[in-house]
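Colleague: Pasting a structure here, questions to come.
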Amino acid sequence: MSSTLLRPRSTRTLRIVGLGAALLVGLTACGTSEADEAAPAEDTGVAVSDAWVRATAGTDDPSMTGAFMAIDNEGEENVELVGASSPVAGKVELHEMAMVDGSMVMRRIEGGIEIEAGFGQVLMPGGNHVMLMGLEDELAPGDEVDLVLEFSDGTEQQLTVPVKEFTEEEGHYHEPGTEPGHHPSGSPSGGAMDMDSMDSGAEEGSEDGPR
Amino acid sequence: MTGTPSSRRQFLGYLGAAAAGAAASAPLTAAAVGQEGPEVGPSTPMSTRTPYGDHQSGITEPTQRFVELVALDLLPDTDADALGRLMRLWTGDVVSLMAGRPAPGDTAPELAGPNADLTVTVGWGPRVFDLPGLSGARPAGLQEIPPMRHDRLEDRWSRGDLLLVVGAHDGTSVAHAVRRLVADAAPFAALRWRQSGFWNGFGKDGSPATGRNLFGQVDGSANPSPGTEVFDETVWASEPGWFAGGTTLVLRRIVMDLDEWDTVTRAEQEASIGRRLPDGAPLTGGTEKDDLDLTAFEDGRPAIALRAHARLAHPQMNNGLRIFRKGLNYTADGASGRTESGLLFLSFQADIARQFVPMQHRLDMHDALNEWTTATGSAVFAVLPGFREGGWLGDTVLS
């Protein structure tokens, strides 16, 4: 069940069960006595695999990058990815790509990324992703990044994620700004993201978590 | 965004999700990776094999149709820590690719798919154990093969610090996996050589069979069978410690002079190996899997010639020691517009110095096949033990 792509610091810390998980068990246990076994407290059934972080070395703006992965919910309840953090990033947000006025833009996700019970979500370039911002150091291919994912059931997953080169054009998910008109004047197309305009478009609730 | 209803065990991969655009939801796929498949079993084009176990994939399985051998050399700055990062990176790639999923960050995700019978085997060359921190970890008997009289070794096919053996039932899956693994290794290691070969492990009726080299010989008849005690003793490292479950691999690129071979009578061809060409049975009778009778005489001469390959490689001639051999046929552009044909010979054994080297010396001195065969490449590797879910290649020595 544990992720094989990622390097848990130890199997013990792969899943840290919080209050929410205990609550979840309590709720499901109301229905039948079998539910206790179906949702053991130590395992909420969320498995993360195929995680990687895009290298920033040589990019236009090495202060930010994306983390990508597949998240499978093998449990019985829907779960949301609600946040993330990393020691290498000053700030981490969940981002999505969306069509706004005919243009694909990147913006912070309001709320979390839902992973339906029995299904998976793919975070990938050009789609939902974990946005690492305020990077102090360049991330080079071959580096590793520690990443903590926070889920709506109160669980966390601590991962060590490889940094990989991604050769596709940067603009694929580093789309500047929320609207074409908000490009900073000097920014080349597909270059650095306009964080100011993006933040201004998605301010509410950003510091207190998505929920 | 929510997923479309589908069986949670349905193995669709994430590609459909990628095509859908921005947000994507897909049926569970990682779960399917964890399925415990049989470690040994018939190899078919519809197989998806598990990367997990005491041993790496690609050793006990029947040889797939396409196999590529890739050697890399560590960059000067790659120390044991960096090697650990590369092994974790490769582990992620191996797990994804074997399951039929794109490798993380894959630039050509459509080339990944399940049921390719893909296996990846990773080894370390002797120089890795010169790295600070690893000098005490060198497996017993891991050494380059001493020069043999019939060798004409070329640097471009020899040695290497890291090895990948990538096999599948189609060449596209092999090429894609090799490309991803080599690209991801770029911060740590540079390509040294690539050698690809092919094998047909199926008989005329489509059932698994030993396969033939380009001389037409059934090749590998005397191999110990995976899962037997003899196999375990022959192949897996015996000493306890980090290398338990590992093995060693000798690679020899053997050029075959098919033009000369074609001029030899079939009786002489069969005598040179000691086996019948139609079915690989010993010249002393029986079927392919029957043992040779090394004591039998015919018309006052040994029925299996003293210089016959199968006699010289027989355990009775080698203090009871064996190897586990695999072969890959290859053709390549040779000198002056000629085609080079040959065999990429893989020998797995617990201890190269104890098992392989004495046998190779004996064959080098006496083997009748030397008339038509020349080794032009040679390399040796410690094939890492297998890894568990959540573990990674080399974690028993690098973590």
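Labels used: A, B, ... for chains in the order of the structure tokens, numbers from 1 for residues in each chain, and numbers from 1 for ligands as shown.
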Excluding segment 87-96 of chain B and any residue of its chain fewer than 5 positions from it, enumerate the residues within 6 Å of it, using only C-alpha atoms, and give them as a CSV table (one decimal) with all heavy atoms, in the first residue's frame.

Modeller:
```csv
chain,number,residue,atom,x,y,z
A,5,LEU,N,7.3,4.9,-5.3
A,5,LEU,CA,8.0,5.9,-6.0
A,5,LEU,C,8.7,6.8,-5.1
A,5,LEU,O,9.7,7.4,-5.5
A,5,LEU,CB,6.9,6.7,-6.8
A,5,LEU,CG,6.9,6.5,-8.2
A,5,LEU,CD1,8.0,7.1,-8.9
A,5,LEU,CD2,6.9,5.0,-8.5
B,101,ARG,N,2.9,2.3,-16.4
B,101,ARG,CA,2.6,3.7,-16.3
B,101,ARG,C,3.9,4.5,-16.8
B,101,ARG,O,5.0,4.0,-16.8
B,101,ARG,CB,2.4,4.1,-14.8
B,101,ARG,CG,1.2,3.4,-14.2
B,101,ARG,CD,0.8,4.1,-12.9
B,101,ARG,NE,1.9,4.3,-12.0
B,101,ARG,CZ,2.3,3.4,-11.0
B,101,ARG,NH1,1.6,2.3,-10.9
B,101,ARG,NH2,3.3,3.6,-10.2
B,103,ALA,N,7.0,6.9,-16.7
B,103,ALA,CA,7.9,7.2,-15.6
B,103,ALA,C,7.5,8.6,-15.1
B,103,ALA,O,7.0,9.4,-15.9
B,103,ALA,CB,9.3,7.1,-16.1
B,392,TRP,N,13.9,0.5,-2.0
B,392,TRP,CA,14.6,1.0,-3.3
B,392,TRP,C,15.8,0.2,-3.5
B,392,TRP,O,16.4,-0.5,-2.6
B,392,TRP,CB,14.9,2.5,-3.3
B,392,TRP,CG,15.4,3.0,-2.0
B,392,TRP,CD1,14.7,3.4,-0.9
B,392,TRP,CD2,16.8,3.3,-1.7
B,392,TRP,NE1,15.6,3.9,0.1
B,392,TRP,CE2,16.9,3.8,-0.4
B,392,TRP,CE3,18.0,3.2,-2.5
B,392,TRP,CZ2,18.1,4.2,0.2
B,392,TRP,CZ3,19.2,3.6,-1.9
B,392,TRP,CH2,19.2,4.1,-0.6
B,393,LEU,N,16.3,0.2,-4.8
B,393,LEU,CA,17.4,-0.6,-5.2
B,393,LEU,C,18.7,-0.2,-4.4
B,393,LEU,O,19.0,1.0,-4.4
B,393,LEU,CB,17.7,-0.3,-6.7
B,393,LEU,CG,16.7,-1.0,-7.7
B,393,LEU,CD1,16.7,-0.3,-9.0
B,393,LEU,CD2,17.0,-2.5,-7.8
```

Colleague: Determine, counting only C-alpha atoms, which protein, DNA and RNA residues have an atom within 7 Å of an atom of segment 173-179 of chain B; residues of the same chain fewer than 2 positions away are not included. Present the result as JSON, numbers by chain.

Modeller: {"B": [67, 68, 97, 111, 112, 116, 166, 167, 168, 170, 171, 181, 182, 183]}

Colleague: Could you save those same residues with N, CA, C and O atoms as a PDB file, in the first residue's frame?

Modeller:
```
ATOM      1  N   VAL B  67      15.708  -7.493 -25.674  1.00  0.00           N
ATOM      2  CA  VAL B  67      16.435  -7.132 -24.452  1.00  0.00           C
ATOM      3  C   VAL B  67      17.560  -6.185 -24.828  1.00  0.00           C
ATOM      4  O   VAL B  67      18.256  -6.395 -25.833  1.00  0.00           O
ATOM      5  N   GLU B  68      17.704  -5.122 -24.045  1.00  0.00           N
ATOM      6  CA  GLU B  68      18.824  -4.217 -24.263  1.00  0.00           C
ATOM      7  C   GLU B  68      19.683  -4.183 -23.001  1.00  0.00           C
ATOM      8  O   GLU B  68      19.177  -4.115 -21.879  1.00  0.00           O
ATOM      9  N   LEU B  97       7.277   2.022 -14.815  1.00  0.00           N
ATOM     10  CA  LEU B  97       7.358   1.470 -16.171  1.00  0.00           C
ATOM     11  C   LEU B  97       6.932   0.006 -16.211  1.00  0.00           C
ATOM     12  O   LEU B  97       6.241  -0.424 -17.133  1.00  0.00           O
ATOM     13  N   LEU B 111       4.083   6.035 -24.678  1.00  0.00           N
ATOM     14  CA  LEU B 111       4.852   4.832 -25.004  1.00  0.00           C
ATOM     15  C   LEU B 111       4.841   3.809 -23.873  1.00  0.00           C
ATOM     16  O   LEU B 111       5.299   2.686 -24.050  1.00  0.00           O
ATOM     17  N   ALA B 112       4.344   4.214 -22.705  1.00  0.00           N
ATOM     18  CA  ALA B 112       4.264   3.270 -21.592  1.00  0.00           C
ATOM     19  C   ALA B 112       2.929   2.544 -21.663  1.00  0.00           C
ATOM     20  O   ALA B 112       1.907   3.131 -21.994  1.00  0.00           O
ATOM     21  N   ALA B 116       3.478  -5.431 -21.321  1.00  0.00           N
ATOM     22  CA  ALA B 116       4.650  -5.506 -22.186  1.00  0.00           C
ATOM     23  C   ALA B 116       5.644  -6.538 -21.673  1.00  0.00           C
ATOM     24  O   ALA B 116       6.650  -6.786 -22.312  1.00  0.00           O
ATOM     25  N   VAL B 166      17.192  -4.352 -19.745  1.00  0.00           N
ATOM     26  CA  VAL B 166      15.782  -4.003 -19.948  1.00  0.00           C
ATOM     27  C   VAL B 166      15.211  -4.938 -20.995  1.00  0.00           C
ATOM     28  O   VAL B 166      15.698  -4.971 -22.133  1.00  0.00           O
ATOM     29  N   GLY B 167      14.223  -5.717 -20.605  1.00  0.00           N
ATOM     30  CA  GLY B 167      13.622  -6.668 -21.532  1.00  0.00           C
ATOM     31  C   GLY B 167      12.123  -6.485 -21.618  1.00  0.00           C
ATOM     32  O   GLY B 167      11.484  -6.062 -20.652  1.00  0.00           O
ATOM     33  N   ALA B 168      11.545  -6.798 -22.774  1.00  0.00           N
ATOM     34  CA  ALA B 168      10.098  -6.731 -22.953  1.00  0.00           C
ATOM     35  C   ALA B 168       9.727  -7.545 -24.188  1.00  0.00           C
ATOM     36  O   ALA B 168      10.599  -7.990 -24.939  1.00  0.00           O
ATOM     37  N   ASP B 170       8.179  -6.304 -26.658  1.00  0.00           N
ATOM     38  CA  ASP B 170       8.271  -5.501 -27.868  1.00  0.00           C
ATOM     39  C   ASP B 170       9.405  -4.497 -27.720  1.00  0.00           C
ATOM     40  O   ASP B 170       9.721  -4.042 -26.612  1.00  0.00           O
ATOM     41  N   GLY B 171      10.016  -4.185 -28.832  1.00  0.00           N
ATOM     42  CA  GLY B 171      11.192  -3.331 -28.823  1.00  0.00           C
ATOM     43  C   GLY B 171      10.892  -1.893 -28.460  1.00  0.00           C
ATOM     44  O   GLY B 171      11.758  -1.186 -27.925  1.00  0.00           O
ATOM     45  N   LEU B 181      15.392   5.834 -18.402  1.00  0.00           N
ATOM     46  CA  LEU B 181      16.358   5.499 -17.349  1.00  0.00           C
ATOM     47  C   LEU B 181      17.693   6.196 -17.593  1.00  0.00           C
ATOM     48  O   LEU B 181      18.329   6.695 -16.661  1.00  0.00           O
ATOM     49  N   VAL B 182      18.122   6.243 -18.835  1.00  0.00           N
ATOM     50  CA  VAL B 182      19.398   6.894 -19.147  1.00  0.00           C
ATOM     51  C   VAL B 182      19.264   8.413 -18.978  1.00  0.00           C
ATOM     52  O   VAL B 182      20.161   9.077 -18.442  1.00  0.00           O
ATOM     53  N   ALA B 183      18.123   8.973 -19.398  1.00  0.00           N
ATOM     54  CA  ALA B 183      17.928  10.420 -19.248  1.00  0.00           C
ATOM     55  C   ALA B 183      17.902  10.813 -17.774  1.00  0.00           C
ATOM     56  O   ALA B 183      18.519  11.808 -17.378  1.00  0.00           O
TER      57      ALA B 183
END
```

Colleague: Could you pull out the residues in segment 190-244 of chain B that DSSP calls strand (DSSP E or B) from the backbone, as a list of chain:residue names?

Modeller: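 DSSP on the backbone gives strand (DSSP E or B) at B:Ala190, B:Leu191, B:Arg192, B:Trp193, B:Arg194, B:Gln195, B:Ser196, B:Gly197, B:Phe198, B:Phe202, B:Pro208, B:Arg212, B:Val218.
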
Colleague: I need the helix (DSSP H, G or I) residues of segment 154-214 of chain B per DSSP on the backbone, written as a PyMOL selection string.

Modeller: chain B and resi 155-157+171-184

Colleague: For the selection you just gave me, I'd like the residues written to a file as an mmCIF file, in the first residue's frame, keeping C-alpha atoms.

Modeller:
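Saved file out.cif follows:
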```cif
data_model
loop_
_atom_site.group_PDB
_atom_site.id
_atom_site.type_symbol
_atom_site.label_atom_id
_atom_site.label_comp_id
_atom_site.auth_asym_id
_atom_site.auth_seq_id
_atom_site.Cartn_x
_atom_site.Cartn_y
_atom_site.Cartn_z
ATOM 1 C CA ASP B 155 36.771 -1.069 -25.134
ATOM 2 C CA ARG B 156 33.461 0.027 -26.677
ATOM 3 C CA TRP B 157 31.787 -3.233 -25.602
ATOM 4 C CA GLY B 171 11.192 -3.331 -28.823
ATOM 5 C CA THR B 172 9.343 -0.052 -28.412
ATOM 6 C CA SER B 173 8.758 -0.653 -24.712
ATOM 7 C CA VAL B 174 12.434 -1.502 -24.299
ATOM 8 C CA ALA B 175 13.637 1.594 -26.144
ATOM 9 C CA HIS B 176 11.286 3.847 -24.184
ATOM 10 C CA ALA B 177 12.318 2.444 -20.802
ATOM 11 C CA VAL B 178 16.009 2.695 -21.665
ATOM 12 C CA ARG B 179 15.596 6.270 -22.818
ATOM 13 C CA ARG B 180 13.887 7.320 -19.580
ATOM 14 C CA LEU B 181 16.358 5.499 -17.349
ATOM 15 C CA VAL B 182 19.398 6.894 -19.147
ATOM 16 C CA ALA B 183 17.928 10.420 -19.248
ATOM 17 C CA ASP B 184 17.143 10.363 -15.530
#
```

Colleague: Could you pull the residues within 12 Å of Ala237 of chain B, counting only C-alpha atoms, minus those fewer than 5 positions along the same chain, as a list in words?

Modeller: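 Near neighbours after the sequence-gap exclusion: Asp54, His55, Arg138, Pro139, Ala140, Gly141, Leu142, Phe231, Asp232, Trp242, Phe243, Ala244, Gly245, Gly246, Thr247, Thr248, Leu249, Phe348, Gln349, Ala350, Asp351, Ile352, Arg354, Gln355, Ala382, Val383, Leu384 and Pro385 of chain B.
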
Colleague: Between atom CA of Ala185 of chain B and atom CA of Gly197 of chain B, measure the distance and give it in Å to one decimal.

Modeller: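 Interatomic distance here is 22.5 Å.
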
Colleague: Quick one: residues within 9 Å of Arg388 of chain B, only C-alpha atoms, excluding same-chain residues fewer than 2 positions away - as number ranges by chain?

Modeller: A: 4; B: 51-54, 386, 390-392
